[in-house]
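To keep things clear, I will list the structure first and then write my remarks on it.
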Amino acid sequence: MLEPLVRAALLEDLGRAGDLTTDAIVPKDLPATTVLSARQPGTVAGLDLAMLAFRLIDPEVEIAVERADGSSVAQGEIIATVSGPARAILTAERTALNFLCHLSGIATATASVVAAVRAHGAKIVCTRKTTPGLRAVEKYAVRAGGGANHRFGLDDAILIKDNHIAIAGGIRPAIERARMSVGHLVKIEVEVDTLTQLEEALALAPDAVLLDNMSVDELRQAVAMVAGRVITEASGRITAATAPAIAATGVDLISIGWLTHSAPILDIGLDYREL
């Protein structure tokens with residue numbers, strides 16, 4: 001799965017004529033040693049994609065990993081040493097860093113929220129709000145940051161959202177039709193916005209309820225109403241600052257879309273080291 005993704009990214013960069021700058025300036029057989037280093041503290045993710053970018057340009061490139069995916073790094077810390085043909089390293093540099101910085105940014109953001117709720121039992125999970133074509137690796141980065149994954153796609157489970165309920169004519173017909181349509185191993189989750197909707201949903205025994213945009217007080221009441229009968233998931237513009245209070249209500253899961261669609265990159269650079 002990784003190779004087609006990285007190969008497509010390299011081809012996008014190389015275009016029709018390849019790396020004009022490097023090919024013009026750098027002798028063909030010149031060796032080089034470089035380091036991938038963190039320019040700010042964070043959590044590493046995406047090294048496999050970065051390494052693949054270098055090796056697809058030239059298999060002779062060697063990478064020695066110092067800080068594996070999932071590792072915390074301090075500012076200035078070396079993540080990996082990349083050595084081999086200088087042309088290959090320079091040509092693959094931007095593609096490798098694009099993957100590594102983006103995925104490390106997701107891992108870093110996830111780790112910050114995971115740390116914020118550590119005193120409670122809630123898991124931090126991502127959503128389907130991902131970059132088209134990058135969902136699998138972005139969800140991997142969430143795991144590298146200590147989070148967990150929600151659905152990978154529409155075929156994982158049934159998640160009945162507000163528009164499904166509106167078009168179906170209510171929570172009851174939506175859940176009943178869903179249960180009639182799938183096998184016994186497929187989980188059913190329903191989104192509710194109010195405690196009244198939650199009461200209606202609980203009477204139909206779904207596997208999970210998505211408590212969307214509820215206040216902390218409403219979440220606390222919702223958890224009491226559920227009383228452990230189904231999985232509870234809180235969602236709706238949750239940040240590292242607001243997550244602790246939400247986790248303290250007793251919800252099982254906290255889902256956060258911005259982890260994959262808006263997390264800032266982790267600034268990582270490739271620096272030349274003279275031999």
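Chain labels run A, B, ... following the order of the structure tokens; each chain numbers its residues from 1, and ligands are numbered from 1 in the order shown.
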Task: Distance query range 134-147 of chain A at most 9 Å, only C-alpha atoms, self and fewer than 6 positions along chain excluded, as a ChimeraX atom specification - done: /A:2,5,43-46,69-71,102-115,123-128,259-260
Take the residues from that selection and write them out as a PDB file, in the first residue's frame, keeping C-alpha atoms.
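Generated output (out-v8.pdb):
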```pdb
ATOM      1  CA  LEU A   2       2.792   2.449   0.842  1.00  0.00           C
ATOM      2  CA  LEU A   5       1.415   6.241  -2.524  1.00  0.00           C
ATOM      3  CA  THR A  43       6.022  12.731  18.336  1.00  0.00           C
ATOM      4  CA  VAL A  44       7.447  10.934  15.298  1.00  0.00           C
ATOM      5  CA  ALA A  45       5.327   9.174  12.672  1.00  0.00           C
ATOM      6  CA  GLY A  46       5.835   8.373   8.998  1.00  0.00           C
ATOM      7  CA  ASP A  69       7.625   6.096  15.091  1.00  0.00           C
ATOM      8  CA  GLY A  70       5.754   6.794  18.305  1.00  0.00           C
ATOM      9  CA  SER A  71       8.858   8.227  19.987  1.00  0.00           C
ATOM     10  CA  HIS A 102       2.534  15.804   8.158  1.00  0.00           C
ATOM     11  CA  LEU A 103       2.185  12.454   9.913  1.00  0.00           C
ATOM     12  CA  SER A 104       4.386  13.524  12.828  1.00  0.00           C
ATOM     13  CA  GLY A 105       2.148  16.557  13.203  1.00  0.00           C
ATOM     14  CA  ILE A 106      -0.894  14.303  13.521  1.00  0.00           C
ATOM     15  CA  ALA A 107       0.912  12.072  16.019  1.00  0.00           C
ATOM     16  CA  THR A 108       2.023  15.106  18.024  1.00  0.00           C
ATOM     17  CA  ALA A 109      -1.478  16.577  18.146  1.00  0.00           C
ATOM     18  CA  THR A 110      -2.926  13.221  19.165  1.00  0.00           C
ATOM     19  CA  ALA A 111      -0.330  12.760  21.889  1.00  0.00           C
ATOM     20  CA  SER A 112      -1.213  16.167  23.347  1.00  0.00           C
ATOM     21  CA  VAL A 113      -4.882  15.240  23.738  1.00  0.00           C
ATOM     22  CA  VAL A 114      -4.076  11.732  24.993  1.00  0.00           C
ATOM     23  CA  ALA A 115      -1.875  13.281  27.674  1.00  0.00           C
ATOM     24  CA  LYS A 123      -9.890   6.901  24.520  1.00  0.00           C
ATOM     25  CA  ILE A 124      -9.042   9.520  21.903  1.00  0.00           C
ATOM     26  CA  VAL A 125     -10.187   8.444  18.430  1.00  0.00           C
ATOM     27  CA  CYS A 126      -9.991   9.963  14.964  1.00  0.00           C
ATOM     28  CA  THR A 127     -12.708  10.200  12.296  1.00  0.00           C
ATOM     29  CA  ARG A 128     -13.143   9.914   8.519  1.00  0.00           C
ATOM     30  CA  LEU A 259      -6.416  15.509  14.420  1.00  0.00           C
ATOM     31  CA  THR A 260      -6.331  14.384  10.806  1.00  0.00           C
TER      32      THR A 260
END
```
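Once Ala64 in chain A and its same-chain neighbours fewer than 4 positions away are set aside, Ile79, Ala80, Thr81, Val82 and Ser83 of chain A remain within 9 Å of it when counting only C-alpha atoms.
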TODO: Give me every helix (DSSP H, G or I) residue in range 6-172 of chain A, going by DSSP on the backbone, as a PyMOL selection string.
DONE: chain A and resi 6-14+20-25+47-57+86-116+135-144+162-168+171-172
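Compared by their closest atoms to Ile78 in chain A, and using only C-alpha atoms, the residues A:His184, A:Lys161, A:Arg39, A:Arg94 rank with A:Arg39 nearest.
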- [ ] Go through A:Ile246, A:Val190, A:Leu195, A:Leu47 and flag the residue nearest Ile63 in chain A, using only C-alpha atoms for the distances.
- [x] A:Leu47
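Pairwise distance (CA of Pro27 in chain A, CA of Gly84 in chain A) equals 12.9 Å.
When only C-alpha atoms are used to compute distances to Leu266 in chain A, the closest of the residues A:Ala74, A:Val223, A:Ala68, A:Val61 turns out to be A:Ala74.
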- [ ] Mind giving me the straight-line distance from CA of Ile89 in chain A to CA of Ile265 in chain A in Å, one decimal?
- [x] 21.3 Å
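Across the model, the gap from CA of Pro4 in chain A to CA of Tyr272 in chain A is 28.2 Å.
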TODO: Enumerate, as a PyMOL selection string, the complete set of residues in range 77-247 of chain A that a backbone-based DSSP assignment places in strand (DSSP E).
DONE: chain A and resi 78-85+123-125+158-160+188-192+208-212+231-235
Take the residues from that selection and put them in a file with N, CA, C and O atoms, as a CSV table (one decimal), in the first residue's frame.
```
chain,number,residue,atom,x,y,z
A,78,ILE,N,18.1,14.2,16.8
A,78,ILE,CA,18.2,13.5,15.5
A,78,ILE,C,17.2,12.3,15.5
A,78,ILE,O,17.2,11.5,16.4
A,79,ILE,N,16.4,12.3,14.4
A,79,ILE,CA,15.4,11.2,14.3
A,79,ILE,C,16.1,10.0,13.5
A,79,ILE,O,15.8,8.9,13.8
A,80,ALA,N,16.8,10.4,12.4
A,80,ALA,CA,17.5,9.3,11.6
A,80,ALA,C,18.6,10.0,10.8
A,80,ALA,O,18.6,11.2,10.6
A,81,THR,N,19.6,9.1,10.5
A,81,THR,CA,20.7,9.5,9.6
A,81,THR,C,20.4,8.9,8.2
A,81,THR,O,20.1,7.7,8.1
A,82,VAL,N,20.6,9.7,7.2
A,82,VAL,CA,20.3,9.3,5.8
A,82,VAL,C,21.6,9.5,5.1
A,82,VAL,O,22.2,10.6,5.0
A,83,SER,N,22.2,8.4,4.5
A,83,SER,CA,23.4,8.5,3.8
A,83,SER,C,23.4,7.7,2.5
A,83,SER,O,22.6,6.8,2.4
A,84,GLY,N,24.2,8.1,1.6
A,84,GLY,CA,24.3,7.5,0.3
A,84,GLY,C,24.5,8.5,-0.8
A,84,GLY,O,25.0,9.6,-0.6
A,85,PRO,N,24.0,8.1,-2.1
A,85,PRO,CA,24.2,9.1,-3.2
A,85,PRO,C,23.6,10.4,-2.9
A,85,PRO,O,22.4,10.5,-2.6
A,123,LYS,N,-10.8,7.0,25.6
A,123,LYS,CA,-9.9,6.9,24.5
A,123,LYS,C,-10.1,8.1,23.5
A,123,LYS,O,-11.2,8.5,23.3
A,124,ILE,N,-9.0,8.5,23.0
A,124,ILE,CA,-9.0,9.5,21.9
A,124,ILE,C,-9.1,8.8,20.6
A,124,ILE,O,-8.2,8.0,20.3
A,125,VAL,N,-10.1,9.1,19.7
A,125,VAL,CA,-10.2,8.4,18.4
A,125,VAL,C,-10.3,9.5,17.3
A,125,VAL,O,-10.8,10.6,17.5
A,158,ILE,N,-22.2,0.6,11.0
A,158,ILE,CA,-23.3,1.5,10.7
A,158,ILE,C,-23.2,2.7,11.7
A,158,ILE,O,-23.2,2.5,12.9
A,159,LEU,N,-23.1,3.9,11.2
A,159,LEU,CA,-23.2,5.1,12.0
A,159,LEU,C,-24.3,6.0,11.5
A,159,LEU,O,-24.2,6.6,10.5
A,160,ILE,N,-25.4,6.0,12.3
A,160,ILE,CA,-26.6,6.7,11.9
A,160,ILE,C,-26.5,8.1,12.4
A,160,ILE,O,-26.5,8.4,13.6
A,188,ILE,N,-23.8,-1.1,15.4
A,188,ILE,CA,-24.7,0.0,15.0
A,188,ILE,C,-24.5,1.2,16.1
A,188,ILE,O,-24.7,0.9,17.3
A,189,GLU,N,-24.1,2.3,15.6
A,189,GLU,CA,-24.0,3.5,16.4
A,189,GLU,C,-25.0,4.6,15.9
A,189,GLU,O,-25.2,4.7,14.7
A,190,VAL,N,-25.6,5.3,16.8
A,190,VAL,CA,-26.5,6.4,16.4
A,190,VAL,C,-26.1,7.7,17.1
A,190,VAL,O,-25.7,7.7,18.2
A,191,GLU,N,-26.1,8.8,16.3
A,191,GLU,CA,-25.8,10.1,16.8
A,191,GLU,C,-27.0,10.7,17.4
A,191,GLU,O,-28.1,10.7,16.8
A,192,VAL,N,-26.8,11.3,18.6
A,192,VAL,CA,-27.9,12.1,19.2
A,192,VAL,C,-27.4,13.4,19.6
A,192,VAL,O,-26.3,13.6,20.0
A,208,ALA,N,-23.7,1.6,20.3
A,208,ALA,CA,-23.0,2.8,20.7
A,208,ALA,C,-23.8,4.0,20.4
A,208,ALA,O,-24.7,4.0,19.5
A,209,VAL,N,-23.6,5.1,21.2
A,209,VAL,CA,-24.3,6.4,21.0
A,209,VAL,C,-23.2,7.5,20.8
A,209,VAL,O,-22.2,7.5,21.6
A,210,LEU,N,-23.4,8.3,19.8
A,210,LEU,CA,-22.5,9.4,19.6
A,210,LEU,C,-23.2,10.7,20.1
A,210,LEU,O,-24.2,11.1,19.6
A,211,LEU,N,-22.6,11.2,21.2
A,211,LEU,CA,-23.2,12.4,21.9
A,211,LEU,C,-22.6,13.6,21.3
A,211,LEU,O,-21.5,14.0,21.6
A,212,ASP,N,-23.3,14.2,20.3
A,212,ASP,CA,-22.7,15.3,19.5
A,212,ASP,C,-23.0,16.7,20.1
A,212,ASP,O,-24.1,17.1,20.3
A,231,ILE,N,-21.7,1.8,24.4
A,231,ILE,CA,-20.5,2.6,24.4
A,231,ILE,C,-20.9,4.1,24.1
A,231,ILE,O,-21.8,4.4,23.3
A,232,THR,N,-20.3,5.0,24.9
A,232,THR,CA,-20.6,6.4,24.7
A,232,THR,C,-19.4,7.1,24.1
A,232,THR,O,-18.3,6.9,24.4
A,233,GLU,N,-19.7,7.9,23.1
A,233,GLU,CA,-18.7,8.7,22.3
A,233,GLU,C,-19.1,10.2,22.3
A,233,GLU,O,-20.2,10.5,21.9
A,234,ALA,N,-18.2,11.0,22.7
A,234,ALA,CA,-18.4,12.5,22.7
A,234,ALA,C,-17.7,13.0,21.5
A,234,ALA,O,-16.6,12.6,21.1
A,235,SER,N,-18.3,14.0,20.8
A,235,SER,CA,-17.7,14.7,19.7
A,235,SER,C,-18.2,16.1,19.6
A,235,SER,O,-19.2,16.5,20.3
```
